[in-house]
Structure formats: structure tokens, C-alpha cells
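Pasting target18.txt here (compact mmCIF, C-alpha atoms):
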```txt
# COMPACT_ATOMS: atom_id res chain seq x y z
CA MET E 1 -128.78 -22.24 -121.60
CA HIS E 2 -125.77 -24.46 -120.91
CA VAL E 3 -125.92 -26.33 -117.60
CA LEU E 4 -123.10 -27.88 -115.58
CA VAL E 5 -124.23 -30.90 -113.56
CA VAL E 6 -121.84 -31.69 -110.70
CA TYR E 7 -122.48 -35.20 -109.38
CA ALA E 8 -121.05 -36.75 -106.22
CA HIS E 9 -121.73 -40.39 -105.38
CA TYR E 10 -119.41 -43.39 -105.53
CA ASN E 11 -122.05 -46.02 -106.39
CA PRO E 12 -123.51 -46.13 -109.92
CA GLU E 13 -126.32 -48.35 -108.59
CA SER E 14 -127.43 -45.80 -105.98
CA PHE E 15 -130.68 -43.88 -105.87
CA THR E 16 -128.59 -40.72 -106.16
CA HIS E 17 -127.34 -42.00 -109.53
CA ALA E 18 -130.96 -42.65 -110.55
CA ILE E 19 -131.66 -38.99 -109.73
CA LEU E 20 -128.77 -38.02 -112.03
CA GLU E 21 -130.11 -40.22 -114.83
CA ASN E 22 -133.56 -38.67 -114.60
CA VAL E 23 -132.27 -35.10 -114.37
CA THR E 24 -130.20 -35.59 -117.52
CA ARG E 25 -133.16 -37.28 -119.21
CA GLY E 26 -135.16 -34.17 -118.45
CA LEU E 27 -132.38 -31.93 -119.73
CA ASP E 28 -132.36 -33.98 -122.94
CA GLU E 29 -136.05 -33.08 -123.32
CA SER E 30 -135.33 -29.39 -122.77
CA PRO E 31 -133.74 -26.82 -125.10
CA HIS E 32 -130.66 -26.73 -122.87
CA THR E 33 -127.23 -28.27 -123.39
CA TYR E 34 -125.35 -29.74 -120.45
CA THR E 35 -122.10 -31.24 -119.19
CA VAL E 36 -121.85 -33.76 -116.33
CA SER E 37 -118.85 -33.62 -114.01
CA ASP E 38 -118.86 -36.94 -112.11
CA LEU E 39 -116.40 -36.23 -109.31
CA HIS E 40 -115.79 -39.85 -108.31
CA ALA E 41 -115.40 -40.96 -111.93
CA ILE E 42 -112.71 -38.35 -112.61
CA GLY E 43 -111.00 -38.95 -109.27
CA PHE E 44 -111.32 -35.35 -108.14
CA ASP E 45 -109.08 -34.62 -105.14
CA PRO E 46 -111.12 -32.75 -102.51
CA VAL E 47 -108.15 -31.97 -100.25
CA PHE E 48 -107.15 -28.30 -100.07
CA ARG E 49 -103.35 -28.38 -100.35
CA ALA E 50 -100.54 -25.83 -100.26
CA GLN E 51 -100.81 -25.10 -103.98
CA ASP E 52 -104.49 -24.23 -103.52
CA GLY E 53 -103.50 -21.61 -100.97
CA ALA E 54 -101.96 -19.56 -103.79
CA GLN E 55 -105.50 -18.37 -104.61
CA PHE E 56 -105.09 -15.91 -101.75
CA LEU E 57 -102.28 -14.15 -103.61
CA HIS E 58 -104.80 -12.44 -105.89
CA GLU E 59 -104.13 -8.83 -106.83
CA SER E 60 -107.03 -7.67 -104.61
CA VAL E 61 -105.32 -8.86 -101.41
CA PRO E 62 -104.01 -5.86 -99.41
CA ASP E 63 -100.30 -5.08 -99.74
CA ASP E 64 -99.57 -5.50 -96.04
CA LEU E 65 -100.90 -9.07 -96.09
CA ILE E 66 -98.90 -9.94 -99.20
CA GLU E 67 -95.72 -8.45 -97.72
CA SER E 68 -96.17 -10.38 -94.48
CA ALA E 69 -96.40 -13.71 -96.31
CA ASP E 70 -92.60 -14.10 -96.88
CA LEU E 71 -93.20 -15.48 -100.35
CA ARG E 72 -89.50 -15.91 -101.09
CA GLY E 73 -89.10 -18.15 -98.08
CA LEU E 74 -92.26 -20.03 -99.00
CA VAL E 75 -91.09 -20.71 -102.56
CA LEU E 76 -87.73 -22.01 -101.32
CA GLU E 77 -89.35 -24.13 -98.61
CA MET E 78 -91.71 -25.76 -101.12
CA ALA E 79 -89.01 -26.29 -103.75
CA GLY E 80 -87.72 -29.53 -102.24
CA GLY E 81 -84.13 -30.76 -102.71
CA PRO E 82 -80.99 -28.67 -103.29
CA ILE E 83 -81.26 -28.68 -107.10
CA ARG E 84 -84.87 -27.50 -106.97
CA ARG E 85 -83.96 -24.83 -104.41
CA PHE E 86 -81.17 -23.63 -106.71
CA MET E 87 -83.63 -23.38 -109.59
CA ALA E 88 -86.12 -21.61 -107.31
CA ARG E 89 -83.50 -19.02 -106.34
CA ARG E 90 -82.78 -18.37 -109.99
CA TRP E 91 -86.48 -18.02 -110.71
CA LEU E 92 -86.94 -15.61 -107.80
CA GLY E 93 -84.03 -13.42 -108.94
CA ASP E 94 -84.85 -9.82 -108.11
CA LYS E 95 -88.62 -10.23 -108.44
CA GLY E 96 -90.70 -8.04 -106.17
CA THR E 97 -93.26 -9.47 -103.76
CA ARG E 98 -96.23 -8.59 -105.96
CA GLU E 99 -94.55 -10.12 -109.01
CA ILE E 100 -93.94 -13.34 -107.10
CA ALA E 101 -97.53 -13.32 -105.81
CA GLN E 102 -98.95 -12.90 -109.31
CA ALA E 103 -96.83 -15.72 -110.70
CA LEU E 104 -97.85 -18.07 -107.88
CA HIS E 105 -101.52 -17.11 -108.14
CA GLU E 106 -101.54 -18.04 -111.82
CA GLN E 107 -100.33 -21.59 -111.07
CA VAL E 108 -103.81 -23.01 -110.61
CA PRO E 109 -103.80 -26.82 -110.17
CA ASP E 110 -104.82 -28.54 -113.41
CA ASP E 111 -107.86 -30.29 -111.93
CA VAL E 112 -109.14 -27.03 -110.47
CA ARG E 113 -108.52 -25.13 -113.70
CA ALA E 114 -110.53 -27.75 -115.63
CA GLN E 115 -113.50 -27.49 -113.25
CA GLN E 116 -113.38 -23.70 -113.22
CA ALA E 117 -113.53 -23.72 -117.02
CA LEU E 118 -116.70 -25.84 -116.83
CA VAL E 119 -118.24 -23.43 -114.33
CA ALA E 120 -117.29 -20.41 -116.45
CA GLN E 121 -118.96 -21.93 -119.51
CA ALA E 122 -122.22 -22.66 -117.66
CA ASP E 123 -125.29 -20.45 -117.44
CA GLY E 124 -126.77 -22.71 -114.77
CA LEU E 125 -125.51 -25.21 -112.19
CA ILE E 126 -127.04 -28.43 -110.85
CA PHE E 127 -125.54 -30.30 -107.88
CA ILE E 128 -126.61 -33.87 -107.14
CA ALA E 129 -125.35 -35.56 -103.98
CA PRO E 130 -126.62 -37.30 -100.84
CA VAL E 131 -126.68 -35.61 -97.44
CA TYR E 132 -123.68 -36.51 -95.26
CA TRP E 133 -123.57 -35.07 -91.73
CA MET E 134 -126.15 -32.44 -92.72
CA GLY E 135 -123.99 -31.22 -95.58
CA PHE E 136 -122.34 -32.30 -98.78
CA PRO E 137 -120.09 -35.38 -99.07
CA ALA E 138 -116.40 -34.55 -98.64
CA ILE E 139 -115.65 -34.81 -102.35
CA LEU E 140 -118.24 -32.12 -103.18
CA LYS E 141 -117.40 -29.97 -100.13
CA GLY E 142 -113.77 -30.06 -101.28
CA TRP E 143 -114.85 -29.20 -104.82
CA PHE E 144 -116.38 -25.98 -103.49
CA GLU E 145 -113.31 -25.19 -101.38
CA ARG E 146 -110.92 -25.65 -104.30
CA VAL E 147 -112.98 -24.61 -107.34
CA PHE E 148 -114.93 -21.66 -105.90
CA ALA E 149 -111.58 -20.10 -105.16
CA TYR E 150 -110.67 -16.57 -104.14
CA GLY E 151 -110.25 -14.55 -107.31
CA PHE E 152 -112.56 -16.89 -109.24
CA ALA E 153 -115.84 -17.10 -107.30
CA TYR E 154 -115.32 -14.09 -105.01
CA THR E 155 -112.89 -11.49 -103.68
CA LEU E 156 -112.85 -9.22 -100.64
CA THR E 157 -112.63 -5.49 -100.26
CA PRO E 158 -110.16 -4.07 -97.70
CA GLU E 159 -113.12 -4.02 -95.28
CA GLY E 160 -113.76 -7.67 -96.02
CA TRP E 161 -110.19 -8.48 -95.07
CA GLN E 162 -110.95 -6.81 -91.74
CA GLY E 163 -113.78 -9.27 -91.15
CA ASP E 164 -116.74 -7.31 -92.55
CA LEU E 165 -118.99 -9.79 -94.36
CA GLN E 166 -120.37 -6.98 -96.53
CA GLY E 167 -116.90 -6.81 -98.07
CA ARG E 168 -117.39 -10.10 -99.92
CA VAL E 169 -117.46 -9.37 -103.66
CA PRO E 170 -119.20 -11.97 -105.89
CA ARG E 171 -117.59 -12.87 -109.21
CA LEU E 172 -119.92 -15.55 -110.60
CA SER E 173 -122.90 -14.68 -112.78
CA GLN E 174 -124.89 -17.88 -113.34
CA ASP E 175 -128.64 -17.37 -113.57
CA LYS E 176 -129.63 -20.36 -111.48
CA ALA E 177 -128.42 -23.24 -109.34
CA LEU E 178 -130.39 -26.33 -108.36
CA ILE E 179 -129.31 -28.66 -105.54
CA LEU E 180 -130.86 -32.14 -105.41
CA THR E 181 -130.20 -34.25 -102.32
CA PRO E 182 -131.69 -37.61 -101.34
CA THR E 183 -131.88 -37.89 -97.54
CA PHE E 184 -132.00 -40.64 -94.94
CA PHE E 185 -134.31 -38.82 -92.51
CA THR E 186 -137.88 -37.66 -92.97
CA GLU E 187 -139.20 -34.26 -93.98
CA GLU E 188 -140.53 -33.80 -90.42
CA GLU E 189 -137.00 -34.11 -89.05
CA TYR E 190 -135.67 -31.56 -91.54
CA ASP E 191 -138.49 -29.21 -90.49
CA LYS E 192 -136.79 -28.93 -87.07
CA GLY E 193 -134.16 -26.55 -88.42
CA TRP E 194 -131.78 -28.80 -90.32
CA ARG E 195 -133.10 -27.70 -93.72
CA ASP E 196 -132.68 -24.03 -92.80
CA ALA E 197 -129.13 -24.66 -91.64
CA MET E 198 -128.18 -26.48 -94.84
CA ASP E 199 -129.82 -23.88 -97.06
CA THR E 200 -127.98 -21.06 -95.26
CA VAL E 201 -124.59 -22.69 -95.77
CA ILE E 202 -125.09 -24.18 -99.25
CA SER E 203 -127.55 -21.91 -101.05
CA SER E 204 -127.03 -18.52 -99.43
CA TRP E 205 -123.34 -18.64 -98.52
CA GLY E 206 -121.96 -20.99 -101.16
CA LEU E 207 -123.96 -19.89 -104.19
CA ARG E 208 -125.86 -16.61 -103.86
CA MET E 209 -123.00 -14.84 -102.10
CA ALA E 210 -120.72 -15.94 -104.94
CA GLY E 211 -123.01 -14.27 -107.48
CA VAL E 212 -125.44 -17.03 -108.55
CA LYS E 213 -128.73 -15.20 -108.96
CA GLU E 214 -131.12 -17.96 -107.85
CA ALA E 215 -130.49 -21.11 -105.81
CA GLU E 216 -133.14 -23.78 -105.16
CA HIS E 217 -132.59 -26.83 -102.94
CA VAL E 218 -134.87 -29.85 -103.43
CA TYR E 219 -134.80 -32.69 -100.90
CA PHE E 220 -135.94 -36.25 -101.60
CA HIS E 221 -136.69 -37.29 -98.04
CA ALA E 222 -136.21 -40.68 -96.36
CA VAL E 223 -135.36 -42.53 -99.56
CA LEU E 224 -134.60 -45.85 -97.85
CA ALA E 225 -137.90 -45.80 -95.98
CA ALA E 226 -139.95 -44.68 -98.98
CA GLY E 227 -142.01 -47.19 -100.91
CA ASP E 228 -141.67 -47.89 -104.61
CA GLU E 229 -144.42 -45.45 -105.50
CA GLN E 230 -142.77 -42.62 -103.58
CA ARG E 231 -139.37 -43.34 -105.12
CA ARG E 232 -140.91 -43.32 -108.59
CA ALA E 233 -142.48 -39.96 -107.76
CA TYR E 234 -139.06 -38.66 -106.70
CA LEU E 235 -137.54 -39.78 -110.00
CA ASP E 236 -140.39 -38.24 -111.98
CA GLU E 237 -139.81 -34.97 -110.11
CA ALA E 238 -136.06 -35.12 -110.89
CA ARG E 239 -136.87 -35.55 -114.58
CA ARG E 240 -139.30 -32.61 -114.46
CA LEU E 241 -136.72 -30.41 -112.74
CA GLY E 242 -134.23 -31.18 -115.48
CA ARG E 243 -136.77 -30.53 -118.23
CA ASP E 244 -138.01 -27.28 -116.67
CA PHE E 245 -134.67 -25.95 -115.45
```

Could you express the structure from this file as C-alpha cells?
Amino acid sequence: MHVLVVYAHYNPESFTHAILENVTRGLDESPHTYTVSDLHAIGFDPVFRAQDGAQFLHESVPDDLIESADLRGLVLEMAGGPIRRFMARRWLGDKGTREIAQALHEQVPDDVRAQQALVAQADGLIFIAPVYWMGFPAILKGWFERVFAYGFAYTLTPEGWQGDLQGRVPRLSQDKALILTPTFFTEEEYDKGWRDAMDTVISSWGLRMAGVKEAEHVYFHAVLAAGDEQRRAYLDEARRLGRDF
């Protein structure tokens, strides 16, 4: 199995980085191969910009929605100065709306294309990040928004475009995902419903509904308050999870 490890923390001296080191140590002891995508190290841009919106021009989008998008006007508006608008008009020529939509949809930003290639090559996914505001840090949240794009991670049926959640069509096929998150607060606090909320959004919505067959979320609770023995136990568990993935 080939595993993609997506890591999100700015500090190489952090406990989260120690989790990464022990997970990869465990993977080294396993029969698996792996790739680490360190989002801060590569300077991944988490902001969903206009070019990312082109994902919604996929061939599965209903005709009436594509026609209502005024793609010609959008291309000219985004072109910039007069010379670029002139070139855009030449490019548009007599292209039909669907032809324009297909061409725009294929212009995936380079950083997104690179991450999607890593996902496509992986049989399993591991995400390592701290908990921020009962969710992922912005850089990893933005990674999901941009990389798990429409047409790559999922599409919608016509019913889905009408708001029916059953119309969400998964396109991923990884066997397993593992989420590892050090926390500030205790396990007792997470027992009050916060864990369920996070697992619903991250594991069920973000991964299983995109086609990942199994998603497990492991929390390392109250890291700052934990003693040395507990932290060592957390790191041993991270190593085991990598080895037994």
C-alpha cells in the first residue's frame, strides 16, 4: 500500500511534528511506501480563489446552470488589461458554452494539480494536524476545499444540484484514512459532543462521502497538560498506528 501523509503545523519543534516523526517511523517498519506533503513547508495556499471556482464547470453540471454562468463575460472580466481582453476575445472565438466550460475546468491550478496527483497515487491517507476551533487549521481546511474538488473527489447528480444530499457521487477509492490530532482539552471535554461533531464533518462528510472506505480519527488529548509518560505513550501509539496502518 502507498500512503499519502498530509501534515499541517508551522513549528518543526511541536508535539504535532513529533507525531509525524513517529508515524513515519512506524511506516518505515511496515511494508508500505509513503509520501509526506508538509503543507507549511511547500507554502500551500489554502485560499479558494476564482480559478478554483472553475471546478464547478465539470461536464456533470446541468446545462441550465452552465448557461446561466455567462462564461464569456467571466473570461473577459478576468482577463485584465486591454491586450489580455483582446487575446481572450480571440480565444473565445465562436466557442460554445460547454466548450468554454470544459477548457476552463481543465485549467487546474498547479499546486492543486500536484496535490491531486499525490492523492490519486495513494491507497491510504493520513492527516496529522492540531485541533483549531474544533476543526482543522486553515491551511488543511483550505487543502480540502481546493484539492477535494468537484470532479475530482465528488460530483452531483441532477437531484444533488437540487439540494438532495443523496445526489452526492463519490469519486475517490482509497481503502483507509487516518486522522491524528493532538488537542488542548481533555478527553472528558471531547466526550460532551465535540468529538462527534468533528468526526461528522471530517470523517463522514470529508472522507467517507468522497469515497474513502474507512476513516479513523485518533485524538491525543490535553497534550500540554499531559506528563512526560503520557506524551511518550502518545508517541508510541503514533508509531504503532503507522506500523499497523

Nearest to Ala215 in chain E by atom-to-atom distance, counting only C-alpha atoms, from E:Thr186, E:Asn11, E:Gln230, E:Gln174:
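Closest candidate: E:Gln174.
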
I'd like the interatomic distance between CA of Leu57 in chain E and CA of Ala8 in chain E, to a tenth of an Å.
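So the answer is 29.5 Å.
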
Range 232-243 of chain E environment, 6 Å, only C-alpha atoms, sequence neighbours closer than 3 positions dropped, as a list in words:
Ile19, Asn22, Val23, Gly26, Leu27, Glu29, Ser30 and Glu229 of chain E

Which is closest to Val47 in chain E among E:Pro170, E:Gly142, E:Pro182, E:Gly206, if we use only C-alpha atoms?
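Looking at the shortest contact to Val47 in chain E, the residue is E:Gly142.
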
Please indicate the distance in Å from CA of Val218 in chain E to CA of Gly151 in chain E, rounded to one decimal place.
29.2 Å

What is the CA of Leu156 in chain E to CA of Ser203 in chain E distance in Å?
19.4 Å

Nearest residue to Ile128 in chain E out of E:Ser37, E:Ser173, E:Gln107, E:Gln55, using all atoms listed in the file?
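So, comparing all the options, the nearest one is E:Ser37.
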
Cut-off 10 Å: closest range 30-109 of chain E/range 119-127 of chain E atom pairs per residue, using only C-alpha atoms, as a tab-separated table:
```
residue	atom	partner	partner_atom	distance
E:His32	CA	E:Gly124	CA	9.8
E:Thr33	CA	E:Ala122	CA	9.5
E:Tyr34	CA	E:Ala122	CA	8.2
E:Thr35	CA	E:Ala122	CA	8.7
E:Val36	CA	E:Ile126	CA	9.2
E:Ser37	CA	E:Phe127	CA	9.7
```

Convert the current residue selection to file output with C-alpha atoms, as a CSV table (one decimal), in the frame of the given file.
```csv
chain,number,residue,atom,x,y,z
E,32,HIS,CA,-130.7,-26.7,-122.9
E,33,THR,CA,-127.2,-28.3,-123.4
E,34,TYR,CA,-125.4,-29.7,-120.4
E,35,THR,CA,-122.1,-31.2,-119.2
E,36,VAL,CA,-121.8,-33.8,-116.3
E,37,SER,CA,-118.8,-33.6,-114.0
```

Given the choices E:Ala129, E:Ala88, E:Leu165, E:Ala197, which gets closest to Lys141 in chain E if the distance is worked out from only C-alpha atoms?
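Looking only at the distances to Lys141 in chain E, the closest residue turns out to be E:Ala129.
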
Top pick for closest residue to Ala225 in chain E, considering E:Asp196, E:Asp64, E:Asp52, E:Glu187 and counting all atoms listed in the file
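Closest to Ala225 in chain E of all the choices is E:Glu187.
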
With all atoms listed in the file counted, which protein, DNA or RNA residues have an atom no more than 12 Å from (-110.7, -25.6, -105.6) in the file frame? Please answer as a PyMOL selection string.
chain E and resi 44-56+108-117+119+139-153

All residues 7 Å or closer to Asp38 in chain E, only C-alpha atoms, same chain fewer than 2 positions away omitted, as a PyMOL selection string:
chain E and resi 6-8+36+40-42

Residue contacts of Arg168 in chain E (12 Å, only C-alpha atoms) excluding same-chain residues fewer than 4 positions away, as a ChimeraX atom specification
/E:60,150-151,153-164,205-206,208-211

Store the residues of this selection in a file with C-alpha atoms, as a CSV table (one decimal), in the coordinates of the input.
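The result, stored in selection_19.csv:
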```
chain,number,residue,atom,x,y,z
E,60,SER,CA,-107.0,-7.7,-104.6
E,150,TYR,CA,-110.7,-16.6,-104.1
E,151,GLY,CA,-110.2,-14.6,-107.3
E,153,ALA,CA,-115.8,-17.1,-107.3
E,154,TYR,CA,-115.3,-14.1,-105.0
E,155,THR,CA,-112.9,-11.5,-103.7
E,156,LEU,CA,-112.8,-9.2,-100.6
E,157,THR,CA,-112.6,-5.5,-100.3
E,158,PRO,CA,-110.2,-4.1,-97.7
E,159,GLU,CA,-113.1,-4.0,-95.3
E,160,GLY,CA,-113.8,-7.7,-96.0
E,161,TRP,CA,-110.2,-8.5,-95.1
E,162,GLN,CA,-111.0,-6.8,-91.7
E,163,GLY,CA,-113.8,-9.3,-91.2
E,164,ASP,CA,-116.7,-7.3,-92.6
E,205,TRP,CA,-123.3,-18.6,-98.5
E,206,GLY,CA,-122.0,-21.0,-101.2
E,208,ARG,CA,-125.9,-16.6,-103.9
E,209,MET,CA,-123.0,-14.8,-102.1
E,210,ALA,CA,-120.7,-15.9,-104.9
E,211,GLY,CA,-123.0,-14.3,-107.5
```

If we count only C-alpha atoms, what is near His9 in chain E at a cut-off of 8 Å, once residues fewer than 4 positions away on the same chain are taken out, given as a PDB file with C-alpha atoms, in the coordinates of the input?
```
ATOM      1  CA  SER E  14    -127.430 -45.800-105.980  1.00  0.00           C
ATOM      2  CA  THR E  16    -128.590 -40.720-106.160  1.00  0.00           C
ATOM      3  CA  HIS E  17    -127.340 -42.000-109.530  1.00  0.00           C
ATOM      4  CA  LEU E  39    -116.400 -36.230-109.310  1.00  0.00           C
ATOM      5  CA  HIS E  40    -115.790 -39.850-108.310  1.00  0.00           C
ATOM      6  CA  ALA E 129    -125.350 -35.560-103.980  1.00  0.00           C
ATOM      7  CA  PRO E 130    -126.620 -37.300-100.840  1.00  0.00           C
TER       8      PRO E 130
END
```

Need the shell around His217 in chain E: protein/DNA/RNA residues with any atom at most 9 Å away, counting only C-alpha atoms. Skip same-chain ones fewer than 6 positions apart. Format as a PyMOL selection string?
chain E and resi 177-181+199+202-203

From the list E:Leu104, E:Met87, E:Val212, E:Met1, which residue is nearest Leu71 in chain E when using only C-alpha atoms?
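Using only C-alpha atoms, the shortest distance to Leu71 in chain E belongs to E:Leu104.
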
Report as lines of an AutoDock Vina configuration file the centre and the edge lengths, in Å to one decimal, of the axis-aligned box holding every listed atom of range 195-212 of chain E, padded by 3 Å on each side.
```
center_x = -126.9
center_y = -21.0
center_z = -100.1
size_x = 18.4
size_y = 19.4
size_z = 22.9
```
